[in-house]
Every structure is written in structure tokens, then in C-alpha cells.
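A.B. asks: Input structure: upload-v4.tsv, which contains TSV, C-alpha atoms.
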chain	number	residue	atom	x	y	z
R	9	MET	CA	-5.25	-20.97	3.05
R	10	SER	CA	-7.35	-21.25	-0.09
R	11	LYS	CA	-7.16	-24.29	-2.32
R	12	ASN	CA	-5.52	-22.26	-5.08
R	13	ASN	CA	-2.46	-21.52	-2.98
R	14	ILE	CA	-1.62	-25.15	-2.34
R	15	PRO	CA	1.50	-26.17	-4.26
R	16	LYS	CA	0.95	-28.98	-6.74
R	17	VAL	CA	3.72	-31.54	-7.08
R	18	SER	CA	4.40	-34.08	-9.78
R	19	ALA	CA	4.48	-37.84	-9.24
R	20	THR	CA	7.42	-38.03	-11.63
R	21	LEU	CA	10.94	-37.47	-10.31
R	22	SER	CA	13.28	-35.23	-12.27
R	23	LEU	CA	16.94	-35.96	-12.96
R	24	LYS	CA	17.78	-33.44	-10.24
R	25	ASP	CA	15.70	-35.41	-7.69
R	26	ILE	CA	17.52	-38.62	-8.61
R	27	ALA	CA	20.94	-36.95	-8.38
R	28	GLY	CA	19.90	-35.48	-5.02
R	29	ALA	CA	18.97	-38.93	-3.73
R	30	LEU	CA	22.36	-40.30	-4.82
R	31	LYS	CA	24.15	-37.49	-3.02
R	32	VAL	CA	22.40	-37.98	0.32
R	33	ARG	CA	23.00	-41.74	0.13
R	34	LEU	CA	26.70	-40.87	-0.02
R	35	GLY	CA	26.31	-38.52	2.93
R	36	ILE	CA	26.61	-35.24	1.00
R	37	GLY	CA	24.30	-32.57	2.43
R	38	ARG	CA	22.34	-35.37	4.06
R	39	MET	CA	21.34	-33.34	7.11
R	40	ASN	CA	19.91	-30.52	5.05
R	41	TYR	CA	17.79	-32.25	2.40
R	42	MET	CA	14.26	-31.12	3.07
R	43	VAL	CA	11.04	-29.72	1.68
R	44	GLU	CA	8.87	-27.01	3.21
R	45	PRO	CA	6.37	-28.51	5.69
R	46	GLY	CA	2.71	-27.99	4.78
R	47	LEU	CA	0.04	-29.18	2.39
R	48	TYR	CA	0.74	-30.34	-1.17
R	49	ALA	CA	-1.53	-31.57	-3.96
R	50	ILE	CA	-0.81	-34.63	-6.13
R	51	GLY	CA	-2.95	-35.02	-9.26
R	52	ASN	CA	-6.24	-33.10	-9.02
R	53	PRO	CA	-7.49	-33.63	-5.48
R	54	ASP	CA	-10.81	-32.31	-4.17
R	55	GLY	CA	-12.60	-32.25	-0.82
R	56	SER	CA	-13.11	-36.00	-0.85
R	57	SER	CA	-9.52	-36.97	-1.70
R	58	PRO	CA	-7.45	-38.86	0.86
R	59	VAL	CA	-4.88	-37.04	3.01
R	60	LEU	CA	-1.52	-38.77	3.39
R	61	VAL	CA	0.75	-37.59	6.21
R	62	SER	CA	4.52	-37.74	5.79
R	63	ALA	CA	7.92	-36.29	6.77
R	64	ASN	CA	9.80	-33.36	5.23
R	65	TYR	CA	12.98	-35.31	4.41
R	66	LYS	CA	13.14	-34.81	0.63
R	67	LEU	CA	14.19	-38.43	0.06
R	68	THR	CA	11.00	-39.53	1.87
R	69	PHE	CA	8.88	-36.97	0.02
R	70	ASP	CA	10.23	-38.12	-3.36
R	71	ILE	CA	9.73	-41.83	-2.65
R	72	LEU	CA	6.16	-41.07	-1.59
R	73	ARG	CA	5.20	-39.00	-4.64
R	74	LYS	CA	6.84	-41.30	-7.17
R	75	ASN	CA	4.50	-44.04	-5.88
R	76	LEU	CA	1.43	-41.86	-6.48
R	77	THR	CA	1.26	-41.73	-10.27
R	78	ASP	CA	-2.25	-41.33	-11.75
R	79	PHE	CA	-3.60	-40.68	-8.29
R	80	SER	CA	-5.17	-37.63	-6.65
R	81	CYS	CA	-4.58	-36.90	-2.99
R	82	TRP	CA	-3.28	-34.37	-0.47
R	83	LEU	CA	0.09	-34.68	1.22
R	84	LEU	CA	0.32	-33.22	4.70
R	85	ILE	CA	4.04	-32.82	5.30
R	86	LEU	CA	5.10	-32.49	8.94
R	87	ASP	CA	8.19	-30.58	10.04
R	88	THR	CA	10.51	-33.45	10.98
R	89	LYS	CA	13.69	-31.35	10.49
R	90	GLY	CA	14.55	-33.27	7.33
R	91	VAL	CA	14.46	-36.70	8.96
R	92	ASN	CA	12.57	-39.76	7.64
R	93	VAL	CA	9.27	-40.88	9.22
R	94	TRP	CA	10.55	-43.74	11.36
R	95	CYS	CA	13.58	-41.99	12.83
R	96	ALA	CA	11.67	-38.75	13.30
R	97	ALA	CA	8.88	-40.64	15.09
R	98	GLY	CA	11.50	-42.18	17.37
R	99	LYS	CA	12.78	-38.72	18.21
R	100	GLY	CA	9.25	-37.32	18.58
R	101	THR	CA	9.38	-34.75	15.75
R	102	PHE	CA	6.96	-36.87	13.73
R	103	GLY	CA	4.62	-36.77	16.69
R	104	THR	CA	1.19	-35.98	18.04
R	105	ASP	CA	2.02	-32.30	18.74
R	106	GLU	CA	3.43	-31.55	15.30
R	107	LEU	CA	0.51	-33.37	13.61
R	108	VAL	CA	-2.06	-31.36	15.56
R	109	ASN	CA	-0.12	-28.18	14.87
R	110	ARG	CA	0.19	-28.83	11.11
R	111	VAL	CA	-3.51	-29.73	10.71
R	112	GLU	CA	-4.32	-26.35	12.27
R	113	ILE	CA	-1.77	-24.26	10.31
R	114	THR	CA	-2.91	-25.68	6.97
R	115	CYS	CA	-6.65	-25.27	7.82
R	116	LEU	CA	-7.09	-28.82	6.61
R	117	SER	CA	-10.72	-29.00	7.72
R	118	ASP	CA	-11.56	-26.20	5.24
R	119	ILE	CA	-9.96	-28.11	2.40
R	120	VAL	CA	-11.34	-31.62	2.82
R	121	TYR	CA	-14.81	-32.46	4.08
R	122	HIS	CA	-14.01	-36.00	5.24
R	123	LYS	CA	-12.37	-36.65	8.60
R	124	ARG	CA	-9.64	-39.16	7.93
R	125	LEU	CA	-5.84	-38.86	8.04
R	126	ILE	CA	-3.70	-41.68	6.70
R	127	LEU	CA	-0.40	-41.95	8.55
R	128	PRO	CA	2.46	-44.22	7.61
R	129	GLN	CA	2.47	-47.17	10.01
R	130	LEU	CA	5.98	-46.39	11.24
R	131	GLY	CA	4.78	-42.92	12.30
R	132	SER	CA	2.96	-44.71	15.15
R	133	VAL	CA	6.25	-44.69	17.08
R	134	GLY	CA	5.70	-40.97	17.67
R	135	VAL	CA	1.95	-40.48	17.33
R	136	ASN	CA	-0.69	-41.45	19.85
R	137	ALA	CA	-3.66	-42.13	17.54
R	138	HIS	CA	-6.37	-41.65	20.16
R	139	GLU	CA	-4.87	-38.41	21.46
R	140	ALA	CA	-4.29	-37.04	17.94
R	141	ALA	CA	-7.88	-37.89	16.93
R	142	ARG	CA	-9.25	-36.10	20.00
R	143	LEU	CA	-7.16	-32.99	19.33
R	144	THR	CA	-7.56	-32.71	15.55
R	145	GLY	CA	-11.10	-34.01	15.07
R	146	PHE	CA	-9.73	-36.31	12.35
R	147	SER	CA	-9.63	-40.07	12.73
R	148	ILE	CA	-6.13	-41.53	12.48
R	149	THR	CA	-5.67	-44.51	10.21
R	150	TYR	CA	-2.30	-46.25	10.00
R	151	GLY	CA	-1.57	-47.09	6.40
R	152	PRO	CA	1.08	-49.46	5.09
R	153	ILE	CA	4.79	-49.13	5.92
R	154	ARG	CA	5.95	-48.69	2.31
R	155	ALA	CA	4.78	-45.98	-0.07
R	156	LYS	CA	4.52	-48.52	-2.90
R	157	ASP	CA	1.58	-50.19	-1.09
R	158	ILE	CA	-0.49	-47.03	-0.54
R	159	LYS	CA	-2.57	-47.22	-3.71
R	160	ALA	CA	-3.38	-50.91	-3.12
R	161	TYR	CA	-4.19	-50.15	0.52
R	162	ILE	CA	-6.67	-47.42	-0.39
R	163	ALA	CA	-8.19	-49.47	-3.23
R	164	ASN	CA	-8.65	-52.31	-0.74
R	165	SER	CA	-10.90	-50.04	1.39
R	166	TYR	CA	-8.12	-48.96	3.76
R	167	THR	CA	-7.00	-52.45	4.68
R	168	ALA	CA	-3.36	-53.51	4.75
R	169	THR	CA	-2.25	-57.06	4.18
R	170	LYS	CA	-0.06	-58.68	6.82
R	171	GLU	CA	2.91	-58.29	4.48
R	172	MET	CA	2.36	-54.52	4.18
R	173	ARG	CA	2.63	-54.26	7.97
R	174	LEU	CA	6.04	-55.89	8.37
R	175	VAL	CA	9.39	-54.19	7.83
R	176	GLU	CA	11.97	-55.99	5.76
R	177	PHE	CA	15.69	-55.58	5.51
R	178	ASN	CA	16.50	-57.09	2.16
R	179	PHE	CA	19.72	-56.99	0.16
R	180	MET	CA	18.94	-53.73	-1.65
R	181	GLU	CA	17.85	-52.01	1.55
R	182	ARG	CA	21.15	-53.00	3.15
R	183	LEU	CA	23.17	-52.08	0.07
R	184	VAL	CA	21.93	-48.46	-0.05
R	185	LEU	CA	23.00	-48.00	3.58
R	186	THR	CA	26.59	-49.18	3.12
R	187	PRO	CA	28.02	-45.90	1.75
R	188	MET	CA	27.06	-44.24	5.04
R	189	GLU	CA	28.99	-46.99	6.84
R	190	LEU	CA	32.05	-46.73	4.60
R	191	VAL	CA	32.38	-42.97	4.10
R	192	PRO	CA	32.78	-42.00	7.80
R	193	VAL	CA	35.35	-44.78	8.41
R	194	LEU	CA	37.31	-43.84	5.30
R	195	LYS	CA	37.36	-40.21	6.48
R	196	ALA	CA	38.64	-41.36	9.87
R	197	SER	CA	41.35	-43.35	8.06
R	198	PHE	CA	43.26	-40.26	6.92
R	199	PRO	CA	44.89	-39.60	10.33
R	200	ILE	CA	45.71	-43.31	10.62
R	201	MET	CA	47.48	-43.20	7.25
R	202	GLY	CA	49.33	-40.13	8.55
R	203	ILE	CA	50.54	-42.03	11.61
R	204	ILE	CA	51.69	-44.91	9.39
R	205	PHE	CA	53.58	-42.48	7.14
R	206	LEU	CA	55.29	-40.84	10.14
R	207	THR	CA	56.15	-44.20	11.71
R	208	ASN	CA	57.72	-45.28	8.42
R	209	GLN	CA	60.23	-42.40	8.69
R	210	PHE	CA	62.03	-44.12	11.57
R	211	ALA	CA	60.69	-47.70	11.70
R	212	LYS	CA	63.20	-50.47	11.19
R	213	ARG	CA	60.57	-52.37	9.32
R	214	PRO	CA	58.29	-49.91	7.48
R	215	PHE	CA	54.62	-50.57	6.79
R	216	VAL	CA	54.18	-51.97	3.29
R	217	LYS	CA	51.30	-52.44	0.84
R	218	GLY	CA	50.22	-55.71	2.49
R	219	ASP	CA	49.72	-53.91	5.82
R	220	ILE	CA	47.61	-51.20	4.22
R	221	ALA	CA	45.62	-53.90	2.40
R	222	ALA	CA	44.94	-55.66	5.71
R	223	TYR	CA	43.70	-52.38	7.21
R	224	PHE	CA	41.31	-51.58	4.36
R	225	GLY	CA	40.28	-55.24	4.25
R	226	ALA	CA	39.11	-54.94	7.86
R	227	VAL	CA	37.31	-51.66	7.15
R	228	PHE	CA	35.64	-53.19	4.12
R	229	SER	CA	34.54	-56.34	5.94
R	230	GLY	CA	33.05	-54.39	8.84
R	231	ALA	CA	31.38	-51.61	6.86
R	232	PHE	CA	30.43	-53.41	3.65
R	233	ILE	CA	30.66	-57.21	3.70
R	234	THR	CA	29.00	-57.66	7.10
R	235	PRO	CA	25.98	-55.45	6.31
R	236	LEU	CA	25.52	-57.06	2.92
R	237	LEU	CA	25.86	-60.71	3.98
R	238	LEU	CA	24.17	-60.06	7.34
R	239	PRO	CA	21.60	-62.89	7.40
R	240	TYR	CA	24.03	-65.41	5.93
R	241	ILE	CA	26.82	-64.94	8.49
R	242	PRO	CA	26.32	-67.38	11.36
R	243	GLY	CA	25.49	-66.01	14.82
R	244	ARG	CA	23.32	-63.11	15.95
R	245	ALA	CA	25.51	-60.44	17.54
R	246	PHE	CA	26.88	-57.90	15.05
R	247	ALA	CA	30.22	-57.86	16.88
R	248	TRP	CA	30.55	-61.58	16.27
R	249	LYS	CA	29.47	-61.35	12.62
R	250	GLY	CA	31.96	-58.53	12.02
R	251	TRP	CA	34.76	-60.39	13.78
R	252	LEU	CA	34.15	-63.50	11.71
R	253	THR	CA	34.18	-61.71	8.33
R	254	GLY	CA	37.19	-59.69	9.52
R	255	LEU	CA	39.03	-62.90	10.41
R	256	PHE	CA	38.40	-64.34	6.94
R	257	THR	CA	39.49	-61.16	5.15
R	258	THR	CA	42.58	-60.68	7.30
R	259	PHE	CA	43.60	-64.31	6.93
R	260	ALA	CA	43.17	-64.17	3.14
R	261	ILE	CA	45.21	-60.95	2.86
R	262	LEU	CA	47.96	-62.25	5.16
R	263	CYS	CA	48.28	-65.43	3.12
R	264	LYS	CA	48.55	-63.34	-0.05
R	265	SER	CA	51.20	-61.05	1.47
R	266	LYS	CA	53.22	-63.99	2.88
R	267	GLY	CA	52.27	-63.59	6.51
R	268	PHE	CA	53.02	-66.35	9.03
R	269	THR	CA	56.40	-66.99	7.38
R	270	LYS	CA	59.75	-66.96	9.17
R	271	GLY	CA	60.41	-63.57	10.71
R	272	SER	CA	56.83	-62.33	10.45
R	273	ARG	CA	55.01	-64.78	12.69
R	274	LEU	CA	54.70	-62.45	15.67
R	275	MET	CA	53.53	-59.55	13.53
R	276	SER	CA	50.96	-61.72	11.73
R	277	PHE	CA	49.70	-62.81	15.14
R	278	GLY	CA	49.27	-59.13	16.07
R	279	GLN	CA	47.41	-58.49	12.84
R	280	ILE	CA	45.09	-61.46	13.42
R	281	LEU	CA	44.28	-59.94	16.82
R	282	PHE	CA	43.87	-56.36	15.64
R	283	PHE	CA	42.11	-56.40	12.26
R	284	PRO	CA	39.16	-58.72	13.03
R	285	ALA	CA	38.60	-56.65	16.21
R	286	LEU	CA	38.52	-53.50	14.06
R	287	SER	CA	36.04	-55.12	11.66
R	288	SER	CA	33.92	-56.23	14.63
R	289	PHE	CA	33.86	-52.69	16.06
R	290	ILE	CA	32.84	-51.16	12.73
R	291	ALA	CA	30.15	-53.82	12.20
R	292	MET	CA	28.61	-53.00	15.59
R	293	ASN	CA	27.95	-49.51	14.30
R	294	PHE	CA	25.50	-51.00	11.83
R	295	THR	CA	23.17	-52.08	14.67
R	296	GLY	CA	21.96	-48.48	14.61
R	297	SER	CA	20.93	-48.69	10.94
R	298	THR	CA	18.97	-51.92	10.79
R	299	THR	CA	15.23	-52.45	11.04
R	300	TYR	CA	15.41	-55.35	13.49
R	301	THR	CA	17.77	-54.51	16.38
R	302	SER	CA	16.46	-53.49	19.81
R	303	PRO	CA	18.21	-50.98	22.11
R	304	SER	CA	18.29	-53.60	24.89
R	305	GLY	CA	19.91	-56.05	22.50
R	306	VAL	CA	22.54	-53.53	21.41
R	307	LYS	CA	23.28	-52.63	25.03
R	308	GLU	CA	23.69	-56.31	25.91
R	309	GLU	CA	25.95	-56.89	22.91
R	310	MET	CA	28.12	-53.86	23.72
R	311	LYS	CA	28.48	-54.90	27.34
R	312	ARG	CA	29.77	-58.31	26.32
R	313	ALA	CA	31.74	-57.50	23.16
R	314	LEU	CA	33.47	-54.18	23.79
R	315	PRO	CA	35.88	-55.40	26.52
R	316	ILE	CA	36.99	-58.27	24.24
R	317	ILE	CA	37.27	-56.03	21.15
R	318	PHE	CA	39.38	-53.48	23.03
R	319	SER	CA	41.67	-56.11	24.60
R	320	PHE	CA	42.26	-57.83	21.27
R	321	GLY	CA	42.65	-54.50	19.48
R	322	ALA	CA	45.07	-52.98	22.02
R	323	LEU	CA	47.24	-56.09	22.28
R	324	GLY	CA	47.26	-56.45	18.49
R	325	ALA	CA	48.14	-52.78	17.97
R	326	ILE	CA	51.06	-52.99	20.45
R	327	ILE	CA	52.46	-56.11	18.75
R	328	ILE	CA	52.09	-54.58	15.27
R	329	LEU	CA	53.67	-51.24	16.20
R	330	CYS	CA	56.54	-52.84	18.13
R	331	SER	CA	57.38	-55.27	15.38
R	332	HIS	CA	57.44	-52.41	12.87
R	333	ILE	CA	59.41	-49.97	14.98
R	334	PHE	CA	61.94	-52.44	16.43
R	335	GLY	CA	61.64	-55.37	14.02
R	336	LYS	CA	64.33	-56.27	11.52
R	337	GLY	CA	64.28	-56.51	7.75
R	338	ARG	CA	61.40	-56.38	5.28
R	339	ARG	CA	59.11	-59.26	4.75
J	19	MET	CA	13.06	-63.57	2.16
J	20	THR	CA	15.32	-64.37	5.09
J	21	LYS	CA	13.97	-63.45	8.49
J	22	HIS	CA	16.61	-61.60	10.49
J	23	LYS	CA	17.09	-62.74	14.08
J	24	TYR	CA	18.70	-60.66	16.80
J	25	LEU	CA	19.56	-61.46	20.44
J	26	GLU	CA	16.86	-63.32	22.37
J	27	ASP	CA	15.29	-62.61	25.77
J	28	VAL	CA	16.44	-58.99	25.94
J	29	THR	CA	13.29	-56.95	25.21
J	30	THR	CA	11.70	-54.86	27.96
J	31	LEU	CA	8.22	-55.32	26.45
J	32	THR	CA	5.46	-56.46	28.80
J	33	LEU	CA	1.73	-56.96	28.18
J	34	ASN	CA	-0.84	-56.84	30.94
J	35	THR	CA	-3.61	-59.02	29.51
J	36	ASP	CA	-6.06	-58.00	32.26
J	37	LYS	CA	-5.96	-54.39	31.07
J	38	CYS	CA	-6.15	-55.24	27.32
J	39	VAL	CA	-9.38	-54.08	25.71
J	40	GLY	CA	-8.77	-55.97	22.48
J	41	CYS	CA	-8.75	-52.97	20.11
J	42	GLY	CA	-6.03	-54.58	17.99
J	43	LEU	CA	-4.07	-51.38	17.44
J	44	CYS	CA	-0.83	-52.99	18.73
J	45	GLU	CA	-1.14	-55.66	16.05
J	46	ILE	CA	-1.58	-52.92	13.42
J	47	VAL	CA	1.33	-50.69	14.47
J	48	CYS	CA	3.94	-53.39	15.24
J	49	PRO	CA	6.37	-53.66	12.30
J	50	HIS	CA	7.61	-57.09	13.41
J	51	GLY	CA	4.40	-59.04	13.97
J	52	VAL	CA	4.98	-59.40	17.71
J	53	PHE	CA	1.25	-59.33	18.50
J	54	GLU	CA	-1.64	-61.50	17.48
J	55	MET	CA	-5.25	-61.43	18.64
J	56	ALA	CA	-7.09	-64.36	20.23
J	57	LYS	CA	-10.40	-64.42	22.10
J	58	GLY	CA	-10.70	-60.65	21.98
J	59	LYS	CA	-7.28	-60.02	23.55
J	60	ALA	CA	-3.77	-59.39	22.28
J	61	TYR	CA	-1.00	-61.86	23.07
J	62	LEU	CA	2.74	-61.90	22.42
J	63	ALA	CA	3.12	-64.26	19.50
J	64	ASP	CA	6.76	-63.44	18.73
J	65	LYS	CA	8.26	-61.52	21.65
J	66	ASN	CA	11.89	-62.01	20.53
J	67	SER	CA	11.27	-59.99	17.36
J	68	CYS	CA	10.45	-56.87	19.42
J	69	ILE	CA	12.74	-53.93	18.64
J	70	GLU	CA	11.39	-51.75	21.46
J	71	CYS	CA	10.23	-48.99	19.11
J	72	GLY	CA	7.44	-48.13	21.53
J	73	ALA	CA	4.64	-47.73	18.97
J	74	CYS	CA	2.40	-50.30	20.66
J	75	ALA	CA	2.70	-48.80	24.14
J	76	LEU	CA	2.16	-45.24	22.86
J	77	ASN	CA	-0.97	-46.23	20.94
J	78	CYS	CA	-2.49	-48.60	23.52
J	79	PRO	CA	-5.66	-46.91	24.81
J	80	ALA	CA	-5.71	-49.11	27.94
J	81	LYS	CA	-2.04	-48.67	28.91
J	82	ALA	CA	-1.74	-52.44	28.90
J	83	LEU	CA	1.66	-52.35	27.22
J	84	ASN	CA	4.97	-51.25	28.61
J	85	VAL	CA	8.36	-50.95	26.93
J	86	ASN	CA	11.53	-48.87	27.30
J	87	PRO	CA	11.85	-47.39	23.85
J	88	GLY	CA	15.18	-46.37	22.38
J	89	VAL	CA	15.74	-43.37	20.13
J	90	GLY	CA	15.70	-43.62	16.31
With the file now loaded, output its structure as C-alpha cells.

C.D. replies:
Amino acid sequence: MSKNNIPKVSATLSLKDIAGALKVRLGIGRMNYMVEPGLYAIGNPDGSSPVLVSANYKLTFDILRKNLTDFSCWLLILDTKGVNVWCAAGKGTFGTDELVNRVEITCLSDIVYHKRLILPQLGSVGVNAHEAARLTGFSITYGPIRAKDIKAYIANSYTATKEMRLVEFNFMERLVLTPMELVPVLKASFPIMGIIFLTNQFAKRPFVKGDIAAYFGAVFSGAFITPLLLPYIPGRAFAWKGWLTGLFTTFAILCKSKGFTKGSRLMSFGQILFFPALSSFIAMNFTGSTTYTSPSGVKEEMKRALPIIFSFGALGAIIILCSHIFGKGRR
Amino acid sequence: MTKHKYLEDVTTLTLNTDKCVGCGLCEIVCPHGVFEMAKGKAYLADKNSCIECGACALNCPAKALNVNPGVG
């Protein structure tokens, strides 16, 4: 490949790029948002310019280039099947083999005369630096975790500060993940609404607005409130955090819809069993999206929490259904 | 910012100090500051923050580190 054939990309995102990012955050076309793997030029790079290695998820690619304004370098984009660096490294697609392969395909050693590849630190989950150096002839340097630190890292003679080496999980980082928690649960809610509608055709005591509110309250507390308030909710296990927020939400909604009054005590009891358990279950799903949970921790949590969640949920569901189907009068 | 804390005493991470050659790569790759260097060797400064990503074990040239990594 000659230098003239290398596509040049801008460090400025277009409106289309921003709209694309919004869409994938909502889960639309998320599994098919990618750029062609290979070599790209940013600015006016030459044989001495640094080579940054990254993934072919377009969201990753865009975040990287928007942090490279007024900067000249090469981007070596690996084929990670449209998955971000950290997750792809965990699955092995951002790995030693693909790195070696891509350095060869792009004839990188004909394009730059130095022998240094800068990998994102989180790529180290899939790349063995010593092995990759031996096979490519390039030395592997782990750069900072975040693209925003790359320019400072290079200016500081390829040294990262301690802060650049640690992952965070701040409010904004959690916020952008919540649509992917909410959307799947809301989709799964359609059949549940169908069952409620059908039950209402023959139930002595039909489901009313307050019941639907309690359901969506539990969904919202598990998929939105728990992720957002994560570090402020007491306890460590996600199941516990989700149960606690679910209990608060359910209690508040029941009070508003006159639960625990004469004739609805049993049903309210069922709801207090069921809805926090639902919130807890949904919140556990978020363990897979954080930057600080370990598989052993998740396994331990599931082993302890799932039997309790299912017992509470099943008992609660039976009480709720029975009091609707056989119960008397409206509340 | 708030430091997130997950369950304690669950990680499968082990470090064999006898094998450690003190290259410091584990300290560089770990995204949770689990490792620190002292007297030319790595030690586990914050074991409970380990998320078992496996980066340290994969990059350790002396195979001094062991962990059961998860996926993703």
C-alpha cells in the first residue's frame, strides 16, 4: 500500500456522526456500527508520526479522532467486529493475532520508519505485549485509557499519569449506558401489558393505573435509578441496591394509589414482594456494564440473590394475580 | 470522584512473588491500581479492586500472575 492510498480522516465530527452516536446509545443498529479496518491518516502524518491502534467500532473511532485535533498521526484500526476496545480485548478480537495480522496487511513498516505502536491501555486485556513485539518487530507501548489523554501522554514523552491509567465510572458514563438498560426491558414489557389486558377481561378486580405505575416504577428503579445513583445507594451487591431503590419506589407509588388500605392490604403485600424483586433482578443486569465488577463477584452475587429474588417474585406474583382474578371491588 | 466498591474477597487473582521479574507491566496495564512496585517486585496493593480482566496475567513475561478472566 502506498502512502497516497491511505484514507485521510478529519478530527472534526459531522452532524451525521453525532446522530449516529445517539442512535447506537439507544440501541439502534448498535451491532452494525463500524468502520473498515486498516490504516488511516489524521492531519499530515509522515514516517516519524506516531501510530495509534484502535477498534473498528465507529463510536470508538469517532471518540478517538475528535480528540486528535491539530495533531498528525496514523490510526491502525483492528477488525474487532464493531466492538469497542475493552470488550473486544476481553473476547480476543482486539488481540495479538489480529494486531500482527493488521500490521502485515497494511505494510506498516513501509510507511513509518520508527518501531513503536501505541495501544490503548485497555487493549492489554487481549494483547500480549511481548509476544506481539516479537511477531511484529514493533515495540508495544500502552498509552492512556481515554482518548482525551493521548496528546498529553505523547507530549509527556510517552508517560501516563496515574490518573490516566485508572478507569472511572462517573455520573455521565453511567447515564449514557441507561438507555441500553431501559430499552430492552421496555420491549419485554409489551407481552406483560398484553397479559394484564387479557386478565382484565375476566378479573373481578381489574388492574388499574396504580398497578401499571408500580410496574414501570420498578422497571425505572432497576434500569435507571440504580445505575445513576449507584455509588450513593448503601451496600455493594447490585441485587441489594436494586431491591432497595425498588422498595422505595414501590412504597411511594402504593402510598399515592392508596395501597395498604382496607380491602387492598393483601394485594399491597404482594406488590411489596414482587416489584422490589423485579427492580433487583433488572439492576443485576447492570453488573455486566460497569467498569468495576468482577466475574467472580457477579457469580457470588447471583448465587446468593437469585433464589431470594425468585421466591419473593413468585410469591408476590401469585398474590397479585389471585387478588385481581378473585378479589372483590375496585380500590 | 467516588470510588466504587464491589464484593470483597472474591477475586481469583494470585501473584507469585518468587517468579516476578519486576518489569512493572502489571502496574501499567491494570485499570484499577491493584499493583504497586516495591524493592523491584510487584505486590498486591488493592486486591479487592481486581475485576479479573486478565490483562496483567496475559502481559506478565514471567507468568507470575494467575487469574480466571471473564468475558467482556

A.B. asks: Could you state the separation of CA of Gly46 (chain R) and CA of Asn64 (chain R) in Å, given to one decimal place?

C.D. replies: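 Between CA of Gly46 (chain R) and CA of Asn64 (chain R) the gap is 8.9 Å.
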
A.B. asks: Have a look at R:Ile200, R:Pro15, R:Val93, R:Gly134 and name the one nearest to Pro87 (chain J); count all atoms listed in the file.

C.D. replies: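 Under the stated criterion, the closest residue is R:Gly134.
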
A.B. asks: What is the distance between CA of Glu54 (chain J) and CA of Glu139 (chain R), in Å to one decimal?

C.D. replies: 23.7 Å

A.B. asks: In Å, rounded to a single decimal, give me how far CA of Lys23 (chain J) is from CA of Ile233 (chain R).

C.D. replies: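 Taking CA of Ile233 (chain R) and CA of Lys23 (chain J), their separation equals 18.0 Å.
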
A.B. asks: Distance limit 10 Å, atoms considered: all atoms listed in the file. Which chain J residues sit that close to chain R? Return them as a ChimeraX atom specification.

C.D. replies: /J:19-30,43-51,66-79,86-90

A.B. asks: Restricting the calculation to all atoms listed in the file, which member of R:Leu143, R:Ala29, R:Val227, R:Thr77 is positioned closest to Lys195 (chain R)?

C.D. replies: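 That would be R:Val227, the residue with the smallest distance to Lys195 (chain R).
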
A.B. asks: For Asp25 (chain R), which of R:Lys66, R:Arg38, R:Arg273, R:Lys159 is the closest residue, counting only C-alpha atoms?

C.D. replies: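 Closest candidate: R:Lys66.
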
A.B. asks: Please check which residues have atoms at most 12 Å from (39.4, -55.7, 16.4) in the file's coordinates, counting only C-alpha atoms, and write them as a compact mmCIF listing (two decimals) with C-alpha atoms, in the frame of the given file.

C.D. replies:
# COMPACT_ATOMS: atom_id res chain seq x y z
CA TYR R 223 43.70 -52.38 7.21
CA ALA R 226 39.11 -54.94 7.86
CA VAL R 227 37.31 -51.66 7.15
CA SER R 229 34.54 -56.34 5.94
CA GLY R 230 33.05 -54.39 8.84
CA ALA R 247 30.22 -57.86 16.88
CA TRP R 248 30.55 -61.58 16.27
CA GLY R 250 31.96 -58.53 12.02
CA TRP R 251 34.76 -60.39 13.78
CA LEU R 252 34.15 -63.50 11.71
CA THR R 253 34.18 -61.71 8.33
CA GLY R 254 37.19 -59.69 9.52
CA LEU R 255 39.03 -62.90 10.41
CA THR R 258 42.58 -60.68 7.30
CA GLY R 278 49.27 -59.13 16.07
CA GLN R 279 47.41 -58.49 12.84
CA ILE R 280 45.09 -61.46 13.42
CA LEU R 281 44.28 -59.94 16.82
CA PHE R 282 43.87 -56.36 15.64
CA PHE R 283 42.11 -56.40 12.26
CA PRO R 284 39.16 -58.72 13.03
CA ALA R 285 38.60 -56.65 16.21
CA LEU R 286 38.52 -53.50 14.06
CA SER R 287 36.04 -55.12 11.66
CA SER R 288 33.92 -56.23 14.63
CA PHE R 289 33.86 -52.69 16.06
CA ILE R 290 32.84 -51.16 12.73
CA ALA R 291 30.15 -53.82 12.20
CA MET R 292 28.61 -53.00 15.59
CA ALA R 313 31.74 -57.50 23.16
CA LEU R 314 33.47 -54.18 23.79
CA PRO R 315 35.88 -55.40 26.52
CA ILE R 316 36.99 -58.27 24.24
CA ILE R 317 37.27 -56.03 21.15
CA PHE R 318 39.38 -53.48 23.03
CA SER R 319 41.67 -56.11 24.60
CA PHE R 320 42.26 -57.83 21.27
CA GLY R 321 42.65 -54.50 19.48
CA ALA R 322 45.07 -52.98 22.02
CA LEU R 323 47.24 -56.09 22.28
CA GLY R 324 47.26 -56.45 18.49
CA ALA R 325 48.14 -52.78 17.97

A.B. asks: Using only C-alpha atoms for the distances, tell me which of R:Ile328, R:Pro214, R:Asn293, R:Gly103 is nearest to Val193 (chain R).

C.D. replies: R:Asn293

A.B. asks: For a quick check of understanding, using only C-alpha atoms, which of R:Ser57, R:Thr104, R:Thr167, R:Thr234 has the smallest distance to Leu185 (chain R)?

C.D. replies: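 Checking each of R:Ser57, R:Thr104, R:Thr167, R:Thr234 against Leu185 (chain R), counting only C-alpha atoms, the winner is R:Thr234.
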
A.B. asks: Hey, could you pull the box centre and edge lengths for region 59-71 of chain J, axis-aligned, 3 Å padding per side, all listed atoms, to one decimal in Å, as JSON?

C.D. replies:
{"center_x": 2.7, "center_y": -56.6, "center_z": 20.5, "size_x": 26.0, "size_y": 21.3, "size_z": 12.2}

A.B. asks: Since the input is missing atoms, can you rebuild N, CA and C atoms for region 53-61 of chain J and write them as a short mmCIF file (atom, residue, chain, number, x, y, z; two decimals), in the coordinates of the input?

C.D. replies:
data_model
loop_
_atom_site.label_atom_id
_atom_site.label_comp_id
_atom_site.auth_asym_id
_atom_site.auth_seq_id
_atom_site.Cartn_x
_atom_site.Cartn_y
_atom_site.Cartn_z
N PHE J 53 2.57 -59.08 17.90
CA PHE J 53 1.25 -59.33 18.50
C PHE J 53 0.33 -60.10 17.57
N GLU J 54 -0.51 -60.93 18.19
CA GLU J 54 -1.64 -61.50 17.48
C GLU J 54 -2.83 -61.43 18.41
N MET J 55 -4.04 -61.52 17.83
CA MET J 55 -5.25 -61.43 18.64
C MET J 55 -5.88 -62.82 18.78
N ALA J 56 -6.36 -63.12 20.00
CA ALA J 56 -7.09 -64.36 20.23
C ALA J 56 -8.12 -64.12 21.32
N LYS J 57 -9.31 -64.56 21.13
CA LYS J 57 -10.40 -64.42 22.10
C LYS J 57 -10.56 -62.99 22.58
N GLY J 58 -10.47 -62.05 21.64
CA GLY J 58 -10.70 -60.65 21.98
C GLY J 58 -9.58 -59.98 22.78
N LYS J 59 -8.42 -60.62 22.84
CA LYS J 59 -7.28 -60.02 23.55
C LYS J 59 -6.02 -60.17 22.70
N ALA J 60 -5.06 -59.26 22.96
CA ALA J 60 -3.77 -59.39 22.28
C ALA J 60 -2.90 -60.36 23.07
N TYR J 61 -2.03 -61.07 22.37
CA TYR J 61 -1.00 -61.86 23.07
C TYR J 61 0.32 -61.74 22.31
#
